[in-house]
$ cat query_30.txt   # compact mmCIF, C-alpha atoms
# COMPACT_ATOMS: atom_id res chain seq x y z
CA MET A 1406 -5.27 -8.37 10.90
CA LYS A 1407 -4.68 -7.97 7.16
CA ILE A 1408 -1.58 -9.86 6.14
CA GLY A 1409 0.09 -9.52 2.75
CA ILE A 1410 2.53 -12.20 1.64
CA MET A 1411 5.46 -12.29 -0.77
CA VAL A 1412 6.82 -15.60 -2.07
CA SER A 1413 10.33 -15.36 -3.52
CA GLU A 1414 11.20 -18.95 -4.37
CA GLY A 1415 9.89 -21.57 -6.78
CA PRO A 1416 7.92 -24.67 -5.74
CA TYR A 1417 9.53 -28.01 -4.78
CA ASN A 1418 13.11 -26.75 -5.00
CA HIS A 1419 12.60 -24.60 -1.92
CA GLN A 1420 10.32 -24.76 1.10
CA ALA A 1421 9.37 -21.06 0.93
CA SER A 1422 6.16 -21.60 -1.02
CA ASP A 1423 5.05 -24.47 1.25
CA THR A 1424 5.68 -22.41 4.37
CA ALA A 1425 3.95 -19.36 2.89
CA TYR A 1426 0.91 -21.47 2.00
CA LEU A 1427 0.71 -23.07 5.46
CA PHE A 1428 1.13 -19.65 7.06
CA ALA A 1429 -1.60 -18.12 4.88
CA ARG A 1430 -4.03 -20.98 5.47
CA THR A 1431 -3.45 -20.93 9.22
CA ALA A 1432 -3.75 -17.16 9.44
CA ILE A 1433 -7.14 -17.35 7.69
CA GLU A 1434 -8.26 -20.21 9.97
CA LYS A 1435 -7.35 -18.04 12.95
CA GLY A 1436 -9.56 -15.22 11.71
CA HIS A 1437 -7.04 -13.00 9.94
CA SER A 1438 -7.38 -12.03 6.30
CA VAL A 1439 -4.84 -12.56 3.54
CA PRO A 1440 -5.95 -10.21 0.78
CA ARG A 1441 -2.97 -10.82 -1.50
CA VAL A 1442 -0.01 -13.10 -2.14
CA PHE A 1443 2.63 -11.64 -4.44
CA PHE A 1444 4.94 -14.01 -6.34
CA TYR A 1445 8.36 -12.62 -7.20
CA HIS A 1446 11.80 -13.87 -8.30
CA ASP A 1447 11.54 -17.63 -8.95
CA GLY A 1448 8.32 -17.50 -6.92
CA VAL A 1449 6.52 -16.81 -10.21
CA ASN A 1450 7.00 -20.51 -11.01
CA ASN A 1451 4.31 -21.31 -8.43
CA SER A 1452 1.66 -20.10 -10.86
CA THR A 1453 1.87 -22.40 -13.86
CA ARG A 1454 -0.87 -24.94 -14.50
CA LEU A 1455 1.64 -27.03 -16.47
CA THR A 1456 3.00 -28.22 -13.13
CA GLU A 1457 2.43 -31.96 -12.71
CA PRO A 1458 3.97 -33.40 -9.54
CA PRO A 1459 3.83 -37.16 -8.80
CA GLN A 1460 0.48 -38.41 -7.43
CA ASP A 1461 1.87 -39.09 -3.97
CA ASP A 1462 3.23 -35.55 -3.52
CA ARG A 1463 1.44 -32.33 -2.61
CA ASN A 1464 0.37 -30.11 -5.50
CA VAL A 1465 1.79 -26.72 -4.57
CA VAL A 1466 0.13 -24.87 -7.45
CA ASN A 1467 -3.35 -26.34 -6.96
CA ARG A 1468 -3.17 -25.62 -3.25
CA TRP A 1469 -2.69 -21.92 -3.98
CA SER A 1470 -5.55 -21.99 -6.49
CA LYS A 1471 -7.85 -23.56 -3.91
CA LEU A 1472 -6.90 -20.96 -1.32
CA ALA A 1473 -7.84 -18.25 -3.83
CA GLU A 1474 -11.15 -19.95 -4.62
CA ASP A 1475 -12.12 -20.60 -1.00
CA HIS A 1476 -10.99 -17.33 0.55
CA GLY A 1477 -10.72 -14.79 -2.25
CA VAL A 1478 -6.96 -14.47 -1.92
CA ASP A 1479 -5.57 -12.36 -4.77
CA LEU A 1480 -2.64 -14.33 -6.26
CA VAL A 1481 -0.48 -11.87 -8.17
CA VAL A 1482 2.46 -12.87 -10.36
CA CYS A 1483 5.02 -10.19 -11.19
CA VAL A 1484 4.91 -9.48 -14.92
CA ALA A 1485 8.62 -8.66 -15.31
CA ALA A 1486 9.85 -11.63 -13.28
CA GLY A 1487 7.31 -13.84 -15.05
CA LEU A 1488 8.34 -12.83 -18.56
CA ARG A 1489 11.98 -13.59 -17.72
CA ARG A 1490 10.92 -17.11 -16.77
CA GLY A 1491 8.31 -17.86 -19.43
CA ILE A 1492 5.26 -17.31 -17.22
CA LYS A 1493 2.43 -15.85 -19.28
CA ASP A 1494 -1.36 -15.54 -19.03
CA ASP A 1495 -2.12 -18.64 -21.09
CA ILE A 1496 -0.37 -21.01 -18.68
CA LEU A 1497 -1.64 -19.55 -15.40
CA ALA A 1498 -3.42 -21.85 -12.95
CA PRO A 1499 -6.88 -20.71 -11.72
CA GLY A 1500 -6.85 -17.80 -9.27
CA PHE A 1501 -3.54 -16.34 -10.43
CA ARG A 1502 -3.21 -13.12 -12.38
CA ILE A 1503 -0.24 -11.24 -13.80
CA SER A 1504 0.39 -7.66 -12.77
CA GLY A 1505 3.12 -5.21 -11.85
CA LEU A 1506 5.40 -4.68 -8.88
CA GLY A 1507 3.12 -1.87 -7.76
CA GLN A 1508 0.82 -4.59 -6.44
CA LEU A 1509 3.54 -5.60 -3.96
CA VAL A 1510 4.11 -2.05 -2.79
CA GLU A 1511 0.35 -1.51 -2.55
CA ALA A 1512 0.03 -4.62 -0.35
CA GLY A 1513 2.76 -3.20 1.88
CA ILE A 1514 0.87 0.06 2.22
CA GLN A 1515 -2.60 -1.39 2.72
CA CYS A 1516 -1.92 -4.48 4.84
CA ASP A 1517 -1.11 -4.40 8.55
CA ARG A 1518 1.82 -6.74 7.92
CA LEU A 1519 3.78 -7.84 4.86
CA VAL A 1520 5.42 -11.21 5.44
CA THR A 1521 8.05 -12.46 3.01
CA PHE A 1522 9.09 -16.07 2.39
CA GLY A 1523 12.40 -16.87 0.72
CA ASP A 1524 16.13 -16.86 1.26
CA MET B 1197 -6.69 -1.54 -9.43
CA SER B 1198 -7.87 -4.81 -7.95
CA ASP B 1199 -11.22 -6.00 -6.64
CA MET B 1200 -9.64 -8.14 -3.93
CA MET B 1201 -8.19 -5.10 -2.24
CA ASP B 1202 -11.52 -3.28 -2.08
CA ASP B 1203 -12.08 -4.43 1.49
CA MET B 1204 -8.85 -2.79 2.53
CA ASP B 1205 -8.46 0.82 3.47
CA GLY B 1206 -7.99 2.87 0.35
CA GLY B 1207 -4.42 3.60 1.29
CA GLU B 1208 -4.73 7.05 -0.25
CA GLY B 1209 -2.38 9.45 1.44
CA VAL B 1210 -0.89 6.78 3.70
CA VAL B 1211 2.86 7.18 4.00
CA LYS B 1212 4.69 4.22 5.47
CA LYS B 1213 8.35 3.68 6.16
CA PHE B 1214 9.58 1.14 3.61
CA MET B 1215 13.03 -0.34 4.01
CA PHE B 1216 14.61 -2.49 1.32
CA VAL B 1217 17.42 -4.62 2.70
CA ASN B 1218 19.99 -5.79 0.17
CA ARG B 1219 21.98 -8.75 1.45
CA LYS B 1220 23.25 -10.49 -1.68
CA ALA B 1221 26.14 -9.96 -4.07
CA PRO B 1222 25.08 -8.14 -7.27
CA HIS B 1223 25.71 -11.16 -9.47
CA GLY B 1224 25.46 -14.89 -8.96
CA THR B 1225 21.73 -14.66 -8.23
CA VAL B 1226 19.03 -12.33 -9.54
CA TYR B 1227 17.94 -11.00 -6.13
CA ALA B 1228 19.91 -7.74 -6.29
CA LEU B 1229 18.70 -6.81 -9.78
CA GLU B 1230 15.05 -7.69 -9.18
CA GLY B 1231 15.22 -6.08 -5.74
CA LEU B 1232 16.34 -2.83 -7.31
CA GLU B 1233 13.35 -3.00 -9.66
CA VAL B 1234 10.99 -3.03 -6.66
CA VAL B 1235 12.75 -0.04 -5.13
CA LEU B 1236 12.35 1.97 -8.33
CA ILE B 1237 8.64 1.13 -8.54
CA SER B 1238 8.12 2.06 -4.90
CA ALA B 1239 9.22 5.60 -5.71
CA ALA B 1240 5.94 6.10 -7.59
CA PHE B 1241 3.93 5.50 -4.39
CA ASP B 1242 5.20 8.50 -2.41
CA GLN B 1243 6.38 6.40 0.51
CA ASP B 1244 9.24 7.03 2.94
CA VAL B 1245 11.77 4.70 1.29
CA SER B 1246 15.21 3.73 2.52
CA MET B 1247 17.73 1.11 1.39
CA VAL B 1248 20.13 -0.91 3.46
CA PHE B 1249 23.20 -2.73 2.17
CA THR B 1250 24.54 -5.43 4.42
CA ASP B 1251 26.43 -8.73 4.22
CA ASP B 1252 27.46 -9.33 0.57
CA GLY B 1253 24.90 -6.67 -0.40
CA VAL B 1254 27.61 -4.04 0.11
CA TYR B 1255 29.20 -5.36 -3.10
CA GLU B 1256 26.18 -4.05 -5.05
CA LEU B 1257 27.58 -0.52 -4.64
CA ILE B 1258 31.17 -1.23 -5.57
CA LYS B 1259 32.93 1.14 -8.00
CA GLY B 1260 34.41 -0.07 -11.27
CA MET B 1261 32.13 -3.03 -11.82
CA ASN B 1262 32.89 -4.96 -15.00
CA THR B 1263 30.51 -7.78 -15.93
CA LYS B 1264 31.80 -8.43 -19.45
CA GLY B 1265 33.41 -11.71 -18.47
CA ILE B 1266 30.18 -13.21 -17.16
CA GLU B 1267 28.04 -11.75 -19.97
CA VAL B 1268 25.35 -10.21 -17.79
CA LYS B 1269 24.07 -6.66 -17.57
CA ASP B 1270 25.97 -4.28 -15.30
CA PHE B 1271 23.19 -2.47 -13.46
CA SER B 1272 25.41 -0.83 -10.85
CA LYS B 1273 24.98 2.59 -12.44
CA THR B 1274 21.27 2.42 -11.65
CA TYR B 1275 22.09 3.03 -7.99
CA ARG B 1276 23.35 6.45 -9.02
CA ALA B 1277 19.94 7.20 -10.53
CA LEU B 1278 18.13 6.59 -7.25
CA GLU B 1279 18.59 10.22 -6.27
CA GLY B 1280 16.45 11.19 -9.26
CA TYR B 1281 13.69 9.04 -7.81
CA ASP B 1282 13.97 10.86 -4.45
CA ILE B 1283 15.44 7.75 -2.87
CA GLU B 1284 18.28 9.28 -0.93
CA LYS B 1285 18.40 7.30 2.30
CA LEU B 1286 21.09 4.72 1.64
CA TYR B 1287 22.61 2.93 4.60
CA VAL B 1288 25.48 0.46 4.69
CA GLU B 1289 26.45 -1.66 7.66
CA LYS B 1290 29.89 -0.90 9.03
CA GLU B 1291 30.66 -4.47 10.08
CA SER B 1292 29.89 -5.77 6.57
CA MET B 1293 32.19 -3.16 5.03
CA ASP B 1294 34.99 -3.88 7.50
CA ALA B 1295 34.77 -7.64 7.01
CA ARG B 1296 35.27 -7.15 3.27
CA GLY B 1297 37.98 -4.52 3.50
CA LEU B 1298 35.77 -1.81 1.98
CA THR B 1299 35.45 1.88 2.76
CA GLU B 1300 33.02 4.54 1.55
CA ASP B 1301 35.58 5.51 -1.10
CA ASP B 1302 34.99 2.16 -2.79
CA LEU B 1303 31.27 2.90 -3.35
CA ILE B 1304 29.61 4.58 -6.33
CA VAL B 1305 27.05 6.54 -4.28
CA ASP B 1306 27.03 8.57 -1.08
CA VAL B 1307 25.89 6.48 1.85
CA THR B 1308 25.45 6.68 5.58
CA VAL B 1309 27.49 4.09 7.46
CA LEU B 1310 25.80 2.63 10.55
CA ASP B 1311 27.00 -0.03 12.93
CA SER B 1312 24.81 -3.07 13.45
CA GLY B 1313 23.24 -1.65 16.61
CA GLU B 1314 22.24 1.56 14.87
CA MET B 1315 20.96 -0.47 11.94
CA ALA B 1316 18.80 -2.56 14.26
CA SER B 1317 17.25 0.58 15.75
CA LEU B 1318 16.51 1.95 12.28
CA MET B 1319 14.89 -1.33 11.24
CA ALA B 1320 12.72 -1.32 14.35
CA GLU B 1321 11.25 2.03 13.24
CA GLN B 1322 10.08 0.70 9.87
CA ASP B 1323 6.53 -0.24 8.87
CA VAL B 1324 7.57 -2.53 6.02
CA VAL B 1325 10.90 -4.31 5.62
CA ILE B 1326 11.51 -6.26 2.43
CA SER B 1327 14.81 -8.03 2.02
CA PHE B 1328 16.51 -9.32 -1.09
$ encode --input "query_30.txt" --output "structure tokens"
Amino acid sequence: MKIGIMVSEGPYNHQASDTAYLFARTAIEKGHSVPRVFFYHDGVNNSTRLTEPPQDDRNVVNRWSKLAEDHGVDLVVCVAAGLRRGIKDDILAPGFRISGLGQLVEAGIQCDRLVTFGD
Amino acid sequence: MSDMMDDMDGGEGVVKKFMFVNRKAPHGTVYALEGLEVVLISAAFDQDVSMVFTDDGVYELIKGMNTKGIEVKDFSKTYRALEGYDIEKLYVEKESMDARGLTEDDLIVDVTVLDSGEMASLMAEQDVVISF
């Protein structure tokens, strides 16, 4: 099954990004595909390579980057939500790209399921 | 548009039922405003789009909004423009209206009022449900 994902909350403050990541990783392990994860609202804050959590904590941003590298997951950051929050191309972590809301709607059309994580 | 989606069906000509569920008050958080932006974009994809207003989301449609005191943009008039985007299926939940002492006369657009059971049936028919 093709599963699209939307993440609506920022890292660390909220569990949404952790749960979305674990869901995506598990879905792929179980033989499904996750063609795209769309980051919206404060979810855009998952994409910045300036993130530097303490050594003994998980690195939410790097985990997403690795998922993109290993499985070709398209990590899309909403341009409008990103600009509001200071997220621009030059601070993106590997695997992320900035694009429009159409990418979310497109994922809804083309995937078998669109699963959203947030409040 | 994107290489990663090349393995997916083209999606050309596919019409899905999209429902956007608005559950939050218009101000206090950005969900209502950014949610509305998604709805407007979705209009360009020729999908079967509907909107639901439930819980505090019914306040998004309230008449006579005045946001001067909190110094944020009043986007409530945008809901009136939805018709121009061919987004005409607007549903509000009766129980949410009743709990807040609201009637259809308090709203800036024409809506269909459904009780929670009817709303559940409508949601079950959808292909994609995105809530804000």
$ closest_atom_pairs --input "query_30.txt" --of "region 1203-1245 of chain B" --to "region 1495-1512 of chain A" --cutoff "12 Å" --atoms "only C-alpha atoms" --output "tab-separated table"
residue	atom	partner	partner_atom	distance
B:Met1204	CA	A:Ala1512	CA	9.5
B:Asp1205	CA	A:Ala1512	CA	10.8
B:Gly1206	CA	A:Glu1511	CA	9.9
B:Gly1207	CA	A:Glu1511	CA	8.0
B:Glu1208	CA	A:Glu1511	CA	10.2
B:Gly1209	CA	A:Glu1511	CA	12.0
B:Val1210	CA	A:Glu1511	CA	10.5
B:Val1211	CA	A:Glu1511	CA	11.2
B:Lys1212	CA	A:Val1510	CA	10.4
B:Lys1213	CA	A:Val1510	CA	11.4
B:Phe1214	CA	A:Val1510	CA	9.0
B:Met1215	CA	A:Val1510	CA	11.3
B:Phe1216	CA	A:Val1510	CA	11.3
B:Glu1230	CA	A:Leu1506	CA	10.1
B:Gly1231	CA	A:Leu1506	CA	10.4
B:Leu1232	CA	A:Leu1506	CA	11.2
B:Glu1233	CA	A:Leu1506	CA	8.2
B:Val1234	CA	A:Leu1506	CA	6.2
B:Val1235	CA	A:Val1510	CA	9.2
B:Leu1236	CA	A:Leu1506	CA	9.6
B:Ile1237	CA	A:Gly1507	CA	6.3
B:Ser1238	CA	A:Val1510	CA	6.1
B:Ala1239	CA	A:Val1510	CA	9.7
B:Ala1240	CA	A:Gly1507	CA	8.5
B:Phe1241	CA	A:Val1510	CA	7.7
B:Asp1242	CA	A:Val1510	CA	10.6
B:Gln1243	CA	A:Val1510	CA	9.4
B:Asp1244	CA	A:Val1510	CA	11.9
B:Val1245	CA	A:Val1510	CA	11.0
$ residues_around --input "query_30.txt" --residues "Asp1517 (chain A)" --least-positions-apart "3" --cutoff "9 Å" --atoms "only C-alpha atoms" --output "PyMOL selection string"
(chain A and resi 1406-1409+1512-1514) or (chain B and resi 1323)
$ residues_around --input "query_30.txt" --residues "region 1464-1470 of chain A" --least-positions-apart "6" --cutoff "10 Å" --atoms "all atoms listed in the file" --output "number ranges by chain"
A: 1415-1417, 1422-1423, 1425-1427, 1429-1430, 1442, 1450-1458, 1477-1480, 1497-1501
$ atom_distance --input "query_30.txt" --atom1 "CA of Asp1494 (chain A)" --atom2 "CA of Asp1475 (chain A)"
21.6 Å
$ closest_residue --input "query_30.txt" --among "B:Val1324, B:Val1248, B:Glu1279, B:Asp1311" --to "Asp1294 (chain B)" --atoms "all atoms listed in the file"
B:Asp1311
$ closest_residue --input "query_30.txt" --among "A:Lys1493, A:Ala1473, A:His1419, A:Thr1431" --to "chain B" --atoms "only C-alpha atoms"
A:Ala1473
$ build_atoms --input "query_30.txt" --residues "region 1234-1257 of chain B" --atoms "N, CA and C atoms" --output "PDB file, in the coordinates of the input"
ATOM      1  N   VAL B1234      12.064  -3.342  -7.622  1.00  0.00           N
ATOM      2  CA  VAL B1234      10.990  -3.030  -6.660  1.00  0.00           C
ATOM      3  C   VAL B1234      11.200  -1.646  -6.060  1.00  0.00           C
ATOM      4  N   VAL B1235      12.447  -1.339  -5.732  1.00  0.00           N
ATOM      5  CA  VAL B1235      12.750  -0.040  -5.130  1.00  0.00           C
ATOM      6  C   VAL B1235      12.343   1.093  -6.078  1.00  0.00           C
ATOM      7  N   LEU B1236      12.671   0.926  -7.351  1.00  0.00           N
ATOM      8  CA  LEU B1236      12.350   1.970  -8.330  1.00  0.00           C
ATOM      9  C   LEU B1236      10.833   2.148  -8.467  1.00  0.00           C
ATOM     10  N   ILE B1237      10.096   1.043  -8.458  1.00  0.00           N
ATOM     11  CA  ILE B1237       8.640   1.130  -8.540  1.00  0.00           C
ATOM     12  C   ILE B1237       8.061   1.814  -7.299  1.00  0.00           C
ATOM     13  N   SER B1238       8.656   1.510  -6.146  1.00  0.00           N
ATOM     14  CA  SER B1238       8.120   2.060  -4.900  1.00  0.00           C
ATOM     15  C   SER B1238       8.165   3.583  -4.889  1.00  0.00           C
ATOM     16  N   ALA B1239       9.083   4.147  -5.669  1.00  0.00           N
ATOM     17  CA  ALA B1239       9.220   5.600  -5.710  1.00  0.00           C
ATOM     18  C   ALA B1239       7.949   6.260  -6.230  1.00  0.00           C
ATOM     19  N   ALA B1240       7.166   5.526  -7.010  1.00  0.00           N
ATOM     20  CA  ALA B1240       5.940   6.100  -7.590  1.00  0.00           C
ATOM     21  C   ALA B1240       4.808   6.168  -6.568  1.00  0.00           C
ATOM     22  N   PHE B1241       5.001   5.572  -5.387  1.00  0.00           N
ATOM     23  CA  PHE B1241       3.930   5.500  -4.390  1.00  0.00           C
ATOM     24  C   PHE B1241       4.070   6.518  -3.264  1.00  0.00           C
ATOM     25  N   ASP B1242       5.021   7.433  -3.406  1.00  0.00           N
ATOM     26  CA  ASP B1242       5.200   8.500  -2.410  1.00  0.00           C
ATOM     27  C   ASP B1242       5.328   7.971  -0.993  1.00  0.00           C
ATOM     28  N   GLN B1243       6.141   6.950  -0.818  1.00  0.00           N
ATOM     29  CA  GLN B1243       6.380   6.400   0.510  1.00  0.00           C
ATOM     30  C   GLN B1243       7.733   6.883   1.036  1.00  0.00           C
ATOM     31  N   ASP B1244       7.971   6.662   2.328  1.00  0.00           N
ATOM     32  CA  ASP B1244       9.240   7.030   2.940  1.00  0.00           C
ATOM     33  C   ASP B1244      10.203   5.840   2.778  1.00  0.00           C
ATOM     34  N   VAL B1245      10.982   5.872   1.685  1.00  0.00           N
ATOM     35  CA  VAL B1245      11.770   4.700   1.290  1.00  0.00           C
ATOM     36  C   VAL B1245      13.238   4.838   1.713  1.00  0.00           C
ATOM     37  N   SER B1246      13.777   3.774   2.277  1.00  0.00           N
ATOM     38  CA  SER B1246      15.210   3.730   2.520  1.00  0.00           C
ATOM     39  C   SER B1246      15.760   2.380   2.046  1.00  0.00           C
ATOM     40  N   MET B1247      17.064   2.354   1.806  1.00  0.00           N
ATOM     41  CA  MET B1247      17.730   1.110   1.390  1.00  0.00           C
ATOM     42  C   MET B1247      18.874   0.814   2.335  1.00  0.00           C
ATOM     43  N   VAL B1248      19.023  -0.462   2.623  1.00  0.00           N
ATOM     44  CA  VAL B1248      20.130  -0.910   3.460  1.00  0.00           C
ATOM     45  C   VAL B1248      20.977  -1.896   2.649  1.00  0.00           C
ATOM     46  N   PHE B1249      22.290  -1.781   2.805  1.00  0.00           N
ATOM     47  CA  PHE B1249      23.200  -2.730   2.170  1.00  0.00           C
ATOM     48  C   PHE B1249      24.011  -3.400   3.262  1.00  0.00           C
ATOM     49  N   THR B1250      23.853  -4.710   3.348  1.00  0.00           N
ATOM     50  CA  THR B1250      24.540  -5.430   4.420  1.00  0.00           C
ATOM     51  C   THR B1250      24.985  -6.793   3.905  1.00  0.00           C
ATOM     52  N   ASP B1251      25.834  -7.464   4.666  1.00  0.00           N
ATOM     53  CA  ASP B1251      26.430  -8.730   4.220  1.00  0.00           C
ATOM     54  C   ASP B1251      27.049  -8.520   2.818  1.00  0.00           C
ATOM     55  N   ASP B1252      26.894  -9.495   1.910  1.00  0.00           N
ATOM     56  CA  ASP B1252      27.460  -9.330   0.570  1.00  0.00           C
ATOM     57  C   ASP B1252      26.737  -8.242  -0.235  1.00  0.00           C
ATOM     58  N   GLY B1253      25.619  -7.751   0.277  1.00  0.00           N
ATOM     59  CA  GLY B1253      24.900  -6.670  -0.400  1.00  0.00           C
ATOM     60  C   GLY B1253      25.739  -5.416  -0.576  1.00  0.00           C
ATOM     61  N   VAL B1254      26.758  -5.227   0.262  1.00  0.00           N
ATOM     62  CA  VAL B1254      27.610  -4.040   0.110  1.00  0.00           C
ATOM     63  C   VAL B1254      28.340  -4.063  -1.245  1.00  0.00           C
ATOM     64  N   TYR B1255      28.545  -5.256  -1.791  1.00  0.00           N
ATOM     65  CA  TYR B1255      29.200  -5.360  -3.100  1.00  0.00           C
ATOM     66  C   TYR B1255      28.358  -4.776  -4.236  1.00  0.00           C
ATOM     67  N   GLU B1256      27.050  -4.614  -3.999  1.00  0.00           N
ATOM     68  CA  GLU B1256      26.180  -4.050  -5.050  1.00  0.00           C
ATOM     69  C   GLU B1256      26.623  -2.620  -5.405  1.00  0.00           C
ATOM     70  N   LEU B1257      27.249  -1.943  -4.448  1.00  0.00           N
ATOM     71  CA  LEU B1257      27.580  -0.520  -4.640  1.00  0.00           C
ATOM     72  C   LEU B1257      29.030  -0.292  -5.034  1.00  0.00           C
TER      73      LEU B1257
END
